[in-house]
file entry15.cif (mmCIF, C-alpha atoms)
data_entry
#
loop_
_atom_site.group_PDB
_atom_site.id
_atom_site.type_symbol
_atom_site.label_atom_id
_atom_site.label_comp_id
_atom_site.auth_asym_id
_atom_site.auth_seq_id
_atom_site.Cartn_x
_atom_site.Cartn_y
_atom_site.Cartn_z
ATOM 1 C CA MET A 13 13.932 -8.337 -35.491
ATOM 2 C CA THR A 14 12.934 -11.660 -34.046
ATOM 3 C CA THR A 15 9.743 -12.393 -32.162
ATOM 4 C CA TYR A 16 10.107 -13.779 -28.667
ATOM 5 C CA THR A 17 7.969 -14.739 -25.730
ATOM 6 C CA ALA A 18 9.491 -13.727 -22.421
ATOM 7 C CA THR A 19 8.039 -15.670 -19.517
ATOM 8 C CA VAL A 20 8.312 -13.754 -16.257
ATOM 9 C CA THR A 21 7.663 -15.753 -13.104
ATOM 10 C CA VAL A 22 7.073 -13.711 -9.964
ATOM 11 C CA ARG A 23 7.064 -15.439 -6.604
ATOM 12 C CA LEU A 24 7.267 -14.416 -2.975
ATOM 13 C CA LYS A 25 10.737 -14.312 -1.486
ATOM 14 C CA ASN A 26 11.675 -17.130 0.835
ATOM 15 C CA GLY A 27 10.332 -16.404 4.279
ATOM 16 C CA VAL A 28 7.544 -14.049 3.203
ATOM 17 C CA LEU A 29 4.234 -15.343 4.518
ATOM 18 C CA ASP A 30 1.874 -16.549 1.767
ATOM 19 C CA PRO A 31 -1.619 -16.757 3.309
ATOM 20 C CA GLU A 32 -3.262 -17.586 -0.027
ATOM 21 C CA ALA A 33 -0.948 -20.545 -0.590
ATOM 22 C CA ASP A 34 -1.537 -21.708 2.992
ATOM 23 C CA THR A 35 -5.293 -21.531 2.437
ATOM 24 C CA THR A 36 -4.968 -23.488 -0.812
ATOM 25 C CA HIS A 37 -2.762 -26.041 0.926
ATOM 26 C CA HIS A 38 -5.421 -26.597 3.601
ATOM 27 C CA ALA A 39 -8.167 -26.852 0.987
ATOM 28 C CA LEU A 40 -6.237 -29.582 -0.832
ATOM 29 C CA GLU A 41 -5.824 -31.453 2.456
ATOM 30 C CA ARG A 42 -9.553 -31.153 3.076
ATOM 31 C CA LEU A 43 -10.042 -32.876 -0.273
ATOM 32 C CA GLY A 44 -7.941 -35.753 1.025
ATOM 33 C CA PHE A 45 -4.659 -34.977 -0.748
ATOM 34 C CA GLU A 46 -1.380 -35.502 1.055
ATOM 35 C CA LEU A 47 1.168 -32.734 0.507
ATOM 36 C CA GLU A 48 4.105 -31.269 2.371
ATOM 37 C CA GLY A 49 4.145 -27.771 1.004
ATOM 38 C CA LEU A 50 2.655 -25.468 -1.590
ATOM 39 C CA ARG A 51 3.885 -22.225 -3.076
ATOM 40 C CA SER A 52 2.125 -20.035 -5.578
ATOM 41 C CA ALA A 53 3.580 -17.787 -8.259
ATOM 42 C CA ASP A 54 2.381 -15.455 -10.973
ATOM 43 C CA ARG A 55 3.465 -16.084 -14.537
ATOM 44 C CA PHE A 56 3.384 -13.429 -17.248
ATOM 45 C CA GLU A 57 3.972 -14.307 -20.890
ATOM 46 C CA VAL A 58 5.132 -11.245 -22.779
ATOM 47 C CA ASP A 59 5.241 -11.338 -26.580
ATOM 48 C CA LEU A 60 7.754 -8.898 -28.016
ATOM 49 C CA SER A 61 10.077 -8.274 -30.924
ATOM 50 C CA ALA A 62 13.746 -7.629 -30.304
ATOM 51 C CA GLU A 63 17.082 -7.626 -32.108
ATOM 52 C CA ASN A 64 18.217 -10.633 -30.155
ATOM 53 C CA ARG A 65 17.564 -12.752 -27.106
ATOM 54 C CA VAL A 66 19.703 -10.569 -24.838
ATOM 55 C CA GLU A 67 17.705 -7.467 -25.680
ATOM 56 C CA ALA A 68 14.420 -9.341 -25.181
ATOM 57 C CA ARG A 69 15.588 -10.502 -21.777
ATOM 58 C CA GLU A 70 16.718 -7.022 -20.761
ATOM 59 C CA ARG A 71 13.342 -5.558 -21.606
ATOM 60 C CA ALA A 72 11.471 -8.271 -19.734
ATOM 61 C CA ASN A 73 13.766 -7.782 -16.743
ATOM 62 C CA GLU A 74 12.959 -4.085 -16.725
ATOM 63 C CA MET A 75 9.224 -4.841 -16.901
ATOM 64 C CA ALA A 76 9.614 -7.065 -13.855
ATOM 65 C CA GLU A 77 11.681 -4.481 -11.987
ATOM 66 C CA ARG A 78 9.306 -1.614 -12.682
ATOM 67 C CA LEU A 79 5.902 -3.235 -12.440
ATOM 68 C CA LEU A 80 5.419 -6.988 -12.516
ATOM 69 C CA ALA A 81 7.302 -7.688 -9.290
ATOM 70 C CA ASN A 82 7.483 -5.753 -6.042
ATOM 71 C CA PRO A 83 11.119 -6.061 -4.931
ATOM 72 C CA THR A 84 10.087 -5.728 -1.289
ATOM 73 C CA ILE A 85 8.382 -9.100 -1.293
ATOM 74 C CA HIS A 86 9.107 -10.766 -4.640
ATOM 75 C CA ASP A 87 11.836 -12.580 -6.538
ATOM 76 C CA TYR A 88 11.398 -13.116 -10.234
ATOM 77 C CA ASN A 89 13.017 -14.908 -13.110
ATOM 78 C CA VAL A 90 12.777 -14.456 -16.858
ATOM 79 C CA GLU A 91 12.968 -17.076 -19.591
ATOM 80 C CA VAL A 92 13.064 -16.100 -23.235
ATOM 81 C CA ALA A 93 12.059 -18.305 -26.145
ATOM 82 C CA GLU A 94 11.675 -17.614 -29.854
ATOM 83 C CA ARG A 95 8.066 -17.439 -30.826
ATOM 84 C CA MET B 17 -5.344 26.558 -1.937
ATOM 85 C CA THR B 18 -7.139 23.276 -1.667
ATOM 86 C CA VAL B 19 -6.476 19.727 -0.598
ATOM 87 C CA ALA B 20 -6.662 17.377 -3.580
ATOM 88 C CA VAL B 21 -8.260 14.002 -2.954
ATOM 89 C CA VAL B 22 -7.019 12.012 -5.923
ATOM 90 C CA GLN B 23 -9.694 9.843 -7.458
ATOM 91 C CA PHE B 24 -8.682 6.796 -9.467
ATOM 92 C CA GLY B 25 -11.069 4.381 -11.126
ATOM 93 C CA GLY B 26 -12.082 2.205 -8.188
ATOM 94 C CA SER B 27 -11.388 4.729 -5.424
ATOM 95 C CA ASN B 28 -14.311 4.697 -3.020
ATOM 96 C CA CYS B 29 -13.327 6.764 0.007
ATOM 97 C CA ASP B 30 -12.732 9.990 -1.913
ATOM 98 C CA ARG B 31 -16.114 11.539 -1.064
ATOM 99 C CA ASP B 32 -15.735 10.546 2.579
ATOM 100 C CA ALA B 33 -12.351 12.254 2.711
ATOM 101 C CA VAL B 34 -13.687 15.488 1.198
ATOM 102 C CA ARG B 35 -16.658 15.461 3.551
ATOM 103 C CA ALA B 36 -14.460 14.850 6.603
ATOM 104 C CA LEU B 37 -12.162 17.718 5.620
ATOM 105 C CA ASP B 38 -15.193 19.958 4.978
ATOM 106 C CA HIS B 39 -16.392 19.156 8.474
ATOM 107 C CA LEU B 40 -13.037 20.336 9.815
ATOM 108 C CA GLY B 41 -13.273 23.551 7.803
ATOM 109 C CA ILE B 42 -10.509 22.482 5.425
ATOM 110 C CA GLU B 43 -11.098 23.211 1.742
ATOM 111 C CA ALA B 44 -10.849 20.037 -0.301
ATOM 112 C CA GLU B 45 -11.917 18.724 -3.663
ATOM 113 C CA ARG B 46 -11.873 15.486 -5.549
ATOM 114 C CA VAL B 47 -9.407 15.488 -8.425
ATOM 115 C CA TRP B 48 -9.667 12.928 -11.203
ATOM 116 C CA HIS B 49 -6.200 11.423 -11.615
ATOM 117 C CA ALA B 50 -5.980 12.140 -15.352
ATOM 118 C CA ASP B 51 -6.635 15.866 -14.730
ATOM 119 C CA GLY B 52 -3.523 16.192 -12.588
ATOM 120 C CA LEU B 53 -3.062 18.159 -9.381
ATOM 121 C CA PRO B 54 -4.139 21.812 -9.169
ATOM 122 C CA ASP B 55 -1.215 24.240 -9.277
ATOM 123 C CA ASP B 56 -1.984 25.628 -5.839
ATOM 124 C CA VAL B 57 -2.466 22.262 -4.186
ATOM 125 C CA ALA B 58 -2.218 22.583 -0.408
ATOM 126 C CA GLY B 59 -2.252 18.897 0.395
ATOM 127 C CA VAL B 60 -2.880 15.506 -1.194
ATOM 128 C CA ILE B 61 -4.914 12.561 0.003
ATOM 129 C CA LEU B 62 -4.640 9.232 -1.787
ATOM 130 C CA PRO B 63 -7.957 7.740 -0.683
ATOM 131 C CA GLY B 64 -9.076 4.224 0.049
ATOM 132 C CA GLY B 65 -10.778 1.919 -2.396
ATOM 133 C CA PHE B 66 -9.770 -0.624 -4.968
ATOM 134 C CA SER B 67 -8.003 1.406 -7.628
ATOM 135 C CA TYR B 68 -7.789 -0.464 -10.917
ATOM 136 C CA GLY B 69 -9.584 -3.364 -9.262
ATOM 137 C CA ASP B 70 -6.454 -4.208 -7.256
ATOM 138 C CA TYR B 71 -5.149 -5.775 -10.477
ATOM 139 C CA LEU B 72 -1.628 -7.199 -10.227
ATOM 140 C CA ARG B 73 -1.236 -5.991 -6.619
ATOM 141 C CA ALA B 74 -3.229 -3.533 -4.533
ATOM 142 C CA GLY B 75 -2.040 -0.066 -5.522
ATOM 143 C CA ALA B 76 0.333 -1.252 -8.239
ATOM 144 C CA MET B 77 -1.382 0.440 -11.161
ATOM 145 C CA ALA B 78 -2.213 3.738 -9.467
ATOM 146 C CA ALA B 79 1.392 3.945 -8.263
ATOM 147 C CA ARG B 80 2.498 4.090 -11.917
ATOM 148 C CA ALA B 81 -0.142 6.607 -13.036
ATOM 149 C CA PRO B 82 1.252 9.973 -14.184
ATOM 150 C CA VAL B 83 -0.472 11.830 -11.332
ATOM 151 C CA THR B 84 1.637 9.887 -8.865
ATOM 152 C CA GLU B 85 4.746 11.617 -10.230
ATOM 153 C CA GLU B 86 2.991 14.919 -9.513
ATOM 154 C CA VAL B 87 2.208 13.716 -6.007
ATOM 155 C CA ARG B 88 5.863 12.827 -5.525
ATOM 156 C CA ALA B 89 6.938 16.272 -6.731
ATOM 157 C CA ALA B 90 4.425 17.934 -4.389
ATOM 158 C CA ALA B 91 5.692 15.810 -1.508
ATOM 159 C CA ASP B 92 9.248 16.901 -2.310
ATOM 160 C CA ARG B 93 8.107 20.536 -2.038
ATOM 161 C CA GLY B 94 6.805 19.825 1.464
ATOM 162 C CA VAL B 95 3.109 19.569 0.576
ATOM 163 C CA PRO B 96 1.497 17.190 3.090
ATOM 164 C CA VAL B 97 0.584 13.848 1.510
ATOM 165 C CA LEU B 98 -1.501 11.185 3.215
ATOM 166 C CA GLY B 99 -2.230 7.739 1.781
ATOM 167 C CA VAL B 100 -5.137 5.934 3.406
ATOM 168 C CA CYS B 101 -5.752 2.196 2.969
ATOM 169 C CA ASN B 102 -5.565 1.702 -0.814
ATOM 170 C CA GLY B 103 -3.744 5.031 -0.816
ATOM 171 C CA ALA B 104 -1.228 3.542 1.612
ATOM 172 C CA GLN B 105 -0.733 0.623 -0.746
ATOM 173 C CA VAL B 106 -0.197 3.123 -3.565
ATOM 174 C CA GLY B 107 2.296 4.952 -1.356
ATOM 175 C CA CYS B 108 4.355 1.813 -0.822
ATOM 176 C CA GLU B 109 4.112 0.699 -4.445
ATOM 177 C CA SER B 110 5.267 4.119 -5.631
ATOM 178 C CA GLY B 111 8.147 4.311 -3.179
ATOM 179 C CA LEU B 112 6.765 7.303 -1.251
ATOM 180 C CA VAL B 113 7.370 5.094 1.771
ATOM 181 C CA PRO B 114 9.350 1.840 2.039
ATOM 182 C CA GLY B 115 7.853 -1.608 2.490
ATOM 183 C CA ALA B 116 4.684 -3.212 1.184
ATOM 184 C CA PHE B 117 1.137 -3.831 2.343
ATOM 185 C CA THR B 118 0.144 -7.319 1.305
ATOM 186 C CA THR B 119 -2.340 -10.099 2.079
ATOM 187 C CA ASN B 120 -3.536 -10.232 5.689
ATOM 188 C CA ALA B 121 -1.916 -13.075 7.622
ATOM 189 C CA ASP B 122 -5.251 -14.840 8.062
ATOM 190 C CA ALA B 123 -6.174 -14.246 4.385
ATOM 191 C CA ARG B 124 -9.408 -12.568 5.476
ATOM 192 C CA PHE B 125 -10.817 -9.129 4.874
ATOM 193 C CA HIS B 126 -10.976 -7.210 8.151
ATOM 194 C CA CYS B 127 -13.696 -4.600 8.544
ATOM 195 C CA GLU B 128 -13.736 -3.510 12.172
ATOM 196 C CA ARG B 129 -12.510 -0.874 14.590
ATOM 197 C CA ALA B 130 -8.920 -1.290 15.666
ATOM 198 C CA HIS B 131 -6.814 0.376 18.342
ATOM 199 C CA VAL B 132 -3.572 1.991 17.294
ATOM 200 C CA ARG B 133 -0.889 3.579 19.437
ATOM 201 C CA VAL B 134 0.632 6.897 18.457
ATOM 202 C CA GLU B 135 4.358 6.192 18.188
ATOM 203 C CA ARG B 136 5.409 9.786 17.675
ATOM 204 C CA ALA B 137 3.444 12.954 18.178
ATOM 205 C CA ASP B 138 5.744 15.425 16.436
ATOM 206 C CA THR B 139 4.472 14.985 12.883
ATOM 207 C CA PRO B 140 1.715 17.000 11.184
ATOM 208 C CA PHE B 141 -0.491 13.903 11.271
ATOM 209 C CA THR B 142 -0.089 13.270 14.990
ATOM 210 C CA GLN B 143 0.442 16.700 16.512
ATOM 211 C CA ALA B 144 -3.089 16.553 17.933
ATOM 212 C CA PHE B 145 -2.131 13.566 20.069
ATOM 213 C CA ASP B 146 0.330 12.546 22.755
ATOM 214 C CA GLU B 147 2.965 9.906 22.175
ATOM 215 C CA GLY B 148 1.599 6.607 23.432
ATOM 216 C CA GLN B 149 -2.013 7.738 23.087
ATOM 217 C CA VAL B 150 -4.399 5.007 21.939
ATOM 218 C CA LEU B 151 -6.780 5.821 19.080
ATOM 219 C CA LYS B 152 -9.746 3.831 17.851
ATOM 220 C CA LEU B 153 -9.988 3.837 14.076
ATOM 221 C CA PRO B 154 -11.867 1.813 11.472
ATOM 222 C CA ILE B 155 -9.941 -0.599 9.280
ATOM 223 C CA ALA B 156 -11.316 -2.257 6.148
ATOM 224 C CA HIS B 157 -8.766 -4.182 4.123
ATOM 225 C CA GLY B 158 -7.703 -7.550 2.816
ATOM 226 C CA GLU B 159 -4.129 -6.500 2.087
ATOM 227 C CA GLY B 160 -2.895 -4.553 5.075
ATOM 228 C CA ARG B 161 -0.078 -6.694 6.397
ATOM 229 C CA PHE B 162 3.003 -4.505 6.449
ATOM 230 C CA GLU B 163 6.078 -6.270 5.147
ATOM 231 C CA ALA B 164 9.649 -5.055 4.943
ATOM 232 C CA ASP B 165 12.947 -6.909 4.932
ATOM 233 C CA ASP B 166 15.108 -6.874 8.053
ATOM 234 C CA ALA B 167 17.361 -4.044 6.898
ATOM 235 C CA THR B 168 14.439 -1.843 5.853
ATOM 236 C CA TYR B 169 12.473 -2.476 9.013
ATOM 237 C CA ASP B 170 15.501 -1.807 11.226
ATOM 238 C CA ARG B 171 16.116 1.426 9.333
ATOM 239 C CA LEU B 172 12.491 2.521 9.778
ATOM 240 C CA VAL B 173 12.697 1.873 13.503
ATOM 241 C CA GLY B 174 16.131 3.517 13.742
ATOM 242 C CA GLU B 175 14.877 6.596 11.923
ATOM 243 C CA ASN B 176 11.740 6.683 14.086
ATOM 244 C CA ARG B 177 9.439 6.488 11.089
ATOM 245 C CA ILE B 178 6.726 4.260 12.527
ATOM 246 C CA LEU B 179 3.706 6.482 13.110
ATOM 247 C CA PHE B 180 1.110 4.027 14.445
ATOM 248 C CA ARG B 181 1.183 0.449 15.704
ATOM 249 C CA TYR B 182 -1.836 -1.781 16.294
ATOM 250 C CA CYS B 183 -2.378 -2.348 19.991
ATOM 251 C CA ASP B 184 -5.010 -3.363 22.505
ATOM 252 C CA ALA B 185 -7.293 -0.893 24.282
ATOM 253 C CA ASP B 186 -4.584 -0.261 26.872
ATOM 254 C CA GLY B 187 -1.891 0.437 24.301
ATOM 255 C CA ALA B 188 -0.065 -2.880 24.591
ATOM 256 C CA VAL B 189 1.477 -3.931 21.275
ATOM 257 C CA GLY B 190 1.708 -7.649 20.624
ATOM 258 C CA ALA B 191 -1.414 -9.744 20.672
ATOM 259 C CA ALA B 192 -3.592 -7.165 18.906
ATOM 260 C CA ASN B 193 -2.464 -7.229 15.289
ATOM 261 C CA PRO B 194 -5.458 -7.714 12.993
ATOM 262 C CA ASN B 195 -3.505 -8.329 9.804
ATOM 263 C CA GLY B 196 -0.206 -9.727 11.063
ATOM 264 C CA SER B 197 1.827 -6.646 10.147
ATOM 265 C CA ARG B 198 5.525 -6.715 10.847
ATOM 266 C CA GLY B 199 6.062 -4.854 14.105
ATOM 267 C CA ALA B 200 2.281 -4.312 14.187
ATOM 268 C CA VAL B 201 2.896 -1.328 11.906
ATOM 269 C CA ALA B 202 -0.358 0.435 10.977
ATOM 270 C CA GLY B 203 1.190 3.581 9.539
ATOM 271 C CA LEU B 204 4.553 5.125 8.768
ATOM 272 C CA ILE B 205 6.090 8.270 7.363
ATOM 273 C CA GLY B 206 8.172 8.808 4.262
ATOM 274 C CA ASP B 207 11.461 10.642 3.885
ATOM 275 C CA ARG B 208 9.695 13.710 5.225
ATOM 276 C CA GLU B 209 7.390 13.977 8.206
ATOM 277 C CA SER B 210 4.820 15.554 5.887
ATOM 278 C CA VAL B 211 4.344 12.275 3.996
ATOM 279 C CA ALA B 212 2.472 9.466 5.723
ATOM 280 C CA VAL B 213 0.535 6.323 4.891
ATOM 281 C CA LEU B 214 -1.768 4.332 7.122
ATOM 282 C CA MET B 215 -4.172 1.454 6.707
ATOM 283 C CA PRO B 216 -6.850 2.713 9.150
ATOM 284 C CA HIS B 217 -9.396 5.248 7.883
ATOM 285 C CA PRO B 218 -9.273 8.648 9.648
ATOM 286 C CA GLU B 219 -11.938 10.031 7.297
ATOM 287 C CA ARG B 220 -14.379 7.435 8.614
ATOM 288 C CA ALA B 221 -13.730 8.564 12.178
ATOM 289 C CA THR B 222 -14.151 12.312 11.849
ATOM 290 C CA LEU B 223 -17.881 13.041 11.550
ATOM 291 C CA PRO B 224 -19.452 12.765 15.022
ATOM 292 C CA GLN B 225 -22.520 11.038 13.568
ATOM 293 C CA LEU B 226 -20.368 8.009 12.745
ATOM 294 C CA GLY B 227 -18.999 7.291 16.210
ATOM 295 C CA PRO B 228 -15.441 7.835 17.441
ATOM 296 C CA THR B 229 -13.757 10.920 15.983
ATOM 297 C CA ASP B 230 -10.091 10.120 16.571
ATOM 298 C CA GLY B 231 -9.415 10.464 12.860
ATOM 299 C CA ALA B 232 -10.013 14.228 12.980
ATOM 300 C CA GLY B 233 -6.661 14.791 14.654
ATOM 301 C CA ILE B 234 -4.885 13.038 11.785
ATOM 302 C CA LEU B 235 -6.666 15.119 9.135
ATOM 303 C CA GLN B 236 -5.742 18.307 11.033
ATOM 304 C CA ALA B 237 -2.400 17.919 9.223
ATOM 305 C CA PHE B 238 -4.117 19.708 6.332
ATOM 306 C CA ALA B 239 -5.461 22.631 8.387
#
call {"tool": "encode", "arguments": {"input": "entry15.cif", "output": "structure tokens"}}
result
Amino acid sequence: MTTYTATVTVRLKNGVLDPEADTTHHALERLGFELEGLRSADRFEVDLSAENRVEARERANEMAERLLANPTIHDYNVEVAER
Amino acid sequence: MTVAVVQFGGSNCDRDAVRALDHLGIEAERVWHADGLPDDVAGVILPGGFSYGDYLRAGAMAARAPVTEEVRAAADRGVPVLGVCNGAQVGCESGLVPGAFTTNADARFHCERAHVRVERADTPFTQAFDEGQVLKLPIAHGEGRFEADDATYDRLVGENRILFRYCDADGAVGAANPNGSRGAVAGLIGDRESVAVLMPHPERATLPQLGPTDGAGILQAFA
């Protein structure tokens, strides 16, 4: 078994309204920053042991499918690194 | 035979739901989620609140609690199931109904009375009304914006599964949409007409002491 950290990034699908990001965008502008866009995402770092990288990725994918992301509004991606 | 109002940590409309049903002469009791549903359950309400502190997403944790599998099984047997507010979010997260309720378009919490139009009057939850009738119901949510992708939304409309849409006092849908919901959807039904979720609170509009009582007709589904 090898220890891995699977990093799951969950973000809203393109086209899904993100009122929190819009609010943050406006707050940055109020502080005088110039920006053209802002998106937010959630990042989960999952420590796990697996036989290999493929298995670690499969398990993290399933976590995203079943809980971490809501497929109605979210896309996600998984990156796996040895810990 | 009793209606189970499922109480999660962070539910806060469970007592209101039981009291509203009591007022209508419908036997109901609060059921702690870990205790599971009673065997002779006659109906299920997933009440409003902030189950599990809205961690991850509103309703996400409660939707994966073991009792939710029991609720799904009861729904499949034809037991009426109603998700209200946080319960509606749980309903979407658990797949009892399609779509998602997420952050209001203006990113604000809305606590007010809203008008909704009855889109179909042939379900247990709307049989007390006429199609097109305008109800006045309390809303209180920060994540009530209904979202669904094009295919899902078109299917819901095609299958006539929208139960309520936000509207103005005259029933016009369009400008009046407090949370920016797609299609102004305030409530919808699941695969069966006996499963419904809605963001407005019928249990807060049932006791005459509290003002309008339009919610009573919705809760009559459990009579």
call {"tool": "residues_near_point", "arguments": {"input": "entry15.cif", "point": "(10.0, 3.5, -0.3)", "cutoff": "10 Å", "atoms": "all atoms listed in the file", "output": "JSON list (two decimals) with C-alpha atoms, in the frame of the given file"}}
result
[["chain", "number", "residue", "atom", "x", "y", "z"],
["A", 84, "THR", "CA", 10.09, -5.73, -1.29],
["B", 107, "GLY", "CA", 2.30, 4.95, -1.36],
["B", 108, "CYS", "CA", 4.36, 1.81, -0.82],
["B", 109, "GLU", "CA", 4.11, 0.70, -4.44],
["B", 110, "SER", "CA", 5.27, 4.12, -5.63],
["B", 111, "GLY", "CA", 8.15, 4.31, -3.18],
["B", 112, "LEU", "CA", 6.76, 7.30, -1.25],
["B", 113, "VAL", "CA", 7.37, 5.09, 1.77],
["B", 114, "PRO", "CA", 9.35, 1.84, 2.04],
["B", 115, "GLY", "CA", 7.85, -1.61, 2.49],
["B", 116, "ALA", "CA", 4.68, -3.21, 1.18],
["B", 168, "THR", "CA", 14.44, -1.84, 5.85],
["B", 205, "ILE", "CA", 6.09, 8.27, 7.36],
["B", 206, "GLY", "CA", 8.17, 8.81, 4.26],
["B", 207, "ASP", "CA", 11.46, 10.64, 3.88]]
call {"tool": "resolve_selection", "arguments": {"input": "entry15.cif", "expression": "the PyMOL selection byres ((chain A and resi 68-83) around 9)", "output": "ChimeraX atom specification"}}
result
/A:15-23,25,56,58,60-67,84-92 /B:72-73,76-77,80,109,116
call {"tool": "resolve_selection", "arguments": {"input": "entry15.cif", "expression": "the PyMOL selection byres ((chain B) within 7 of (chain A))", "output": "list in words"}}
result
Gly115, Ala116, Thr119, Ala121, Asp122, Ala123, Ala164 and Asp165 of chain B
call {"tool": "closest_residue", "arguments": {"input": "entry15.cif", "among": "B:Asn102, B:Thr142, B:Asn176, B:Ser210", "to": "Glu159 of chain B", "atoms": "all atoms listed in the file"}}
result
B:Asn102
call {"tool": "residues_near_point", "arguments": {"input": "entry15.cif", "point": "(-14.9, -8.2, 11.4)", "cutoff": "12 Å", "atoms": "only C-alpha atoms", "output": "PyMOL selection string"}}
result
chain B and resi 124-130+154-158+194-195
call {"tool": "write_last_selection", "arguments": {"input": "entry15.cif", "atoms": "C-alpha atoms", "output": "compact mmCIF listing (two decimals), keeping the file's coordinate frame"}}
result
# COMPACT_ATOMS: atom_id res chain seq x y z
CA ARG B 124 -9.41 -12.57 5.48
CA PHE B 125 -10.82 -9.13 4.87
CA HIS B 126 -10.98 -7.21 8.15
CA CYS B 127 -13.70 -4.60 8.54
CA GLU B 128 -13.74 -3.51 12.17
CA ARG B 129 -12.51 -0.87 14.59
CA ALA B 130 -8.92 -1.29 15.67
CA PRO B 154 -11.87 1.81 11.47
CA ILE B 155 -9.94 -0.60 9.28
CA ALA B 156 -11.32 -2.26 6.15
CA HIS B 157 -8.77 -4.18 4.12
CA GLY B 158 -7.70 -7.55 2.82
CA PRO B 194 -5.46 -7.71 12.99
CA ASN B 195 -3.50 -8.33 9.80
call {"tool": "atom_distance", "arguments": {"input": "entry15.cif", "atom1": "atom CA of Pro216 of chain B", "atom2": "atom CA of Asp56 of chain B"}}
result
27.8 Å
call {"tool": "residues_around", "arguments": {"input": "entry15.cif", "residues": "segment 57-61 of chain B", "least_positions_apart": "6", "cutoff": "10 Å", "atoms": "all atoms listed in the file", "output": "count of residues only"}}
result
35
call {"tool": "atom_distance", "arguments": {"input": "entry15.cif", "atom1": "atom CA of Arg55 of chain A", "atom2": "atom CA of Leu24 of chain A"}}
result
12.3 Å
call {"tool": "residues_around", "arguments": {"input": "entry15.cif", "residues": "Phe162 of chain B", "least_positions_apart": "2", "cutoff": "8 Å", "atoms": "only C-alpha atoms", "output": "MDAnalysis selection string"}}
result
chainID B and resid 115:118 160 164 196:198 200:202
call {"tool": "atom_distance", "arguments": {"input": "entry15.cif", "atom1": "atom CA of Arg133 of chain B", "atom2": "atom CA of Glu147 of chain B"}}
result
7.9 Å
call {"tool": "closest_residue", "arguments": {"input": "entry15.cif", "among": "A:Glu57, A:Arg51, A:His38, A:Gly44", "to": "Ala93 of chain A", "atoms": "only C-alpha atoms"}}
result
A:Glu57
call {"tool": "closest_residue", "arguments": {"input": "entry15.cif", "among": "B:Ala144, B:Leu151, B:Val134, B:Ala78", "to": "Gly203 of chain B", "atoms": "all atoms listed in the file"}}
result
B:Val134
call {"tool": "axis_aligned_box", "arguments": {"input": "entry15.cif", "around": "segment 122-141 of chain B", "padding_each_side": "8 Å", "output": "JSON"}}
result
{"center_x": -4.0, "center_y": 1.1, "center_z": 11.9, "size_x": 35.5, "size_y": 47.8, "size_z": 31.1}
call {"tool": "resolve_selection", "arguments": {"input": "entry15.cif", "expression": "the PyMOL selection byres ((chain B and resi 135) around 8)", "output": "NGL selection string"}}
result
:B and (133-134 or 136-137 or 147-148 or 178-181)
call {"tool": "decode", "arguments": {"input": "entry15.cif", "residues": "segment 48-60 of chain A", "atoms": "N, CA and C atoms", "output": "PDB file, in the first residue's frame"}}
result
ATOM      1  N   GLU A  48     -11.292  41.181 -14.026  1.00  0.00           N
ATOM      2  CA  GLU A  48     -12.270  40.958 -15.094  1.00  0.00           C
ATOM      3  C   GLU A  48     -13.206  39.806 -14.784  1.00  0.00           C
ATOM      4  N   GLY A  49     -12.839  38.988 -13.834  1.00  0.00           N
ATOM      5  CA  GLY A  49     -13.719  37.876 -13.510  1.00  0.00           C
ATOM      6  C   GLY A  49     -13.214  37.182 -12.260  1.00  0.00           C
ATOM      7  N   LEU A  50     -14.081  36.431 -11.622  1.00  0.00           N
ATOM      8  CA  LEU A  50     -13.676  35.695 -10.430  1.00  0.00           C
ATOM      9  C   LEU A  50     -14.563  34.469 -10.314  1.00  0.00           C
ATOM     10  N   ARG A  51     -13.951  33.338 -10.110  1.00  0.00           N
ATOM     11  CA  ARG A  51     -14.704  32.106  -9.877  1.00  0.00           C
ATOM     12  C   ARG A  51     -14.216  31.513  -8.568  1.00  0.00           C
ATOM     13  N   SER A  52     -15.104  30.839  -7.877  1.00  0.00           N
ATOM     14  CA  SER A  52     -14.684  30.188  -6.640  1.00  0.00           C
ATOM     15  C   SER A  52     -14.809  28.682  -6.813  1.00  0.00           C
ATOM     16  N   ALA A  53     -14.095  27.950  -5.989  1.00  0.00           N
ATOM     17  CA  ALA A  53     -14.146  26.487  -6.035  1.00  0.00           C
ATOM     18  C   ALA A  53     -13.864  25.955  -4.643  1.00  0.00           C
ATOM     19  N   ASP A  54     -14.320  24.746  -4.389  1.00  0.00           N
ATOM     20  CA  ASP A  54     -13.999  24.070  -3.139  1.00  0.00           C
ATOM     21  C   ASP A  54     -12.914  23.039  -3.407  1.00  0.00           C
ATOM     22  N   ARG A  55     -11.955  22.962  -2.507  1.00  0.00           N
ATOM     23  CA  ARG A  55     -10.892  21.976  -2.659  1.00  0.00           C
ATOM     24  C   ARG A  55     -10.869  21.064  -1.443  1.00  0.00           C
ATOM     25  N   PHE A  56     -10.877  19.771  -1.691  1.00  0.00           N
ATOM     26  CA  PHE A  56     -10.820  18.775  -0.620  1.00  0.00           C
ATOM     27  C   PHE A  56      -9.524  17.989  -0.786  1.00  0.00           C
ATOM     28  N   GLU A  57      -8.778  17.846   0.289  1.00  0.00           N
ATOM     29  CA  GLU A  57      -7.553  17.057   0.243  1.00  0.00           C
ATOM     30  C   GLU A  57      -7.782  15.796   1.054  1.00  0.00           C
ATOM     31  N   VAL A  58      -7.817  14.679   0.357  1.00  0.00           N
ATOM     32  CA  VAL A  58      -8.179  13.402   0.983  1.00  0.00           C
ATOM     33  C   VAL A  58      -6.928  12.539   1.103  1.00  0.00           C
ATOM     34  N   ASP A  59      -6.537  12.228   2.332  1.00  0.00           N
ATOM     35  CA  ASP A  59      -5.407  11.323   2.550  1.00  0.00           C
ATOM     36  C   ASP A  59      -5.919   9.893   2.567  1.00  0.00           C
ATOM     37  N   LEU A  60      -5.295   9.024   1.797  1.00  0.00           N
ATOM     38  CA  LEU A  60      -5.740   7.636   1.761  1.00  0.00           C
ATOM     39  C   LEU A  60      -4.582   6.730   1.354  1.00  0.00           C
TER      40      LEU A  60
END
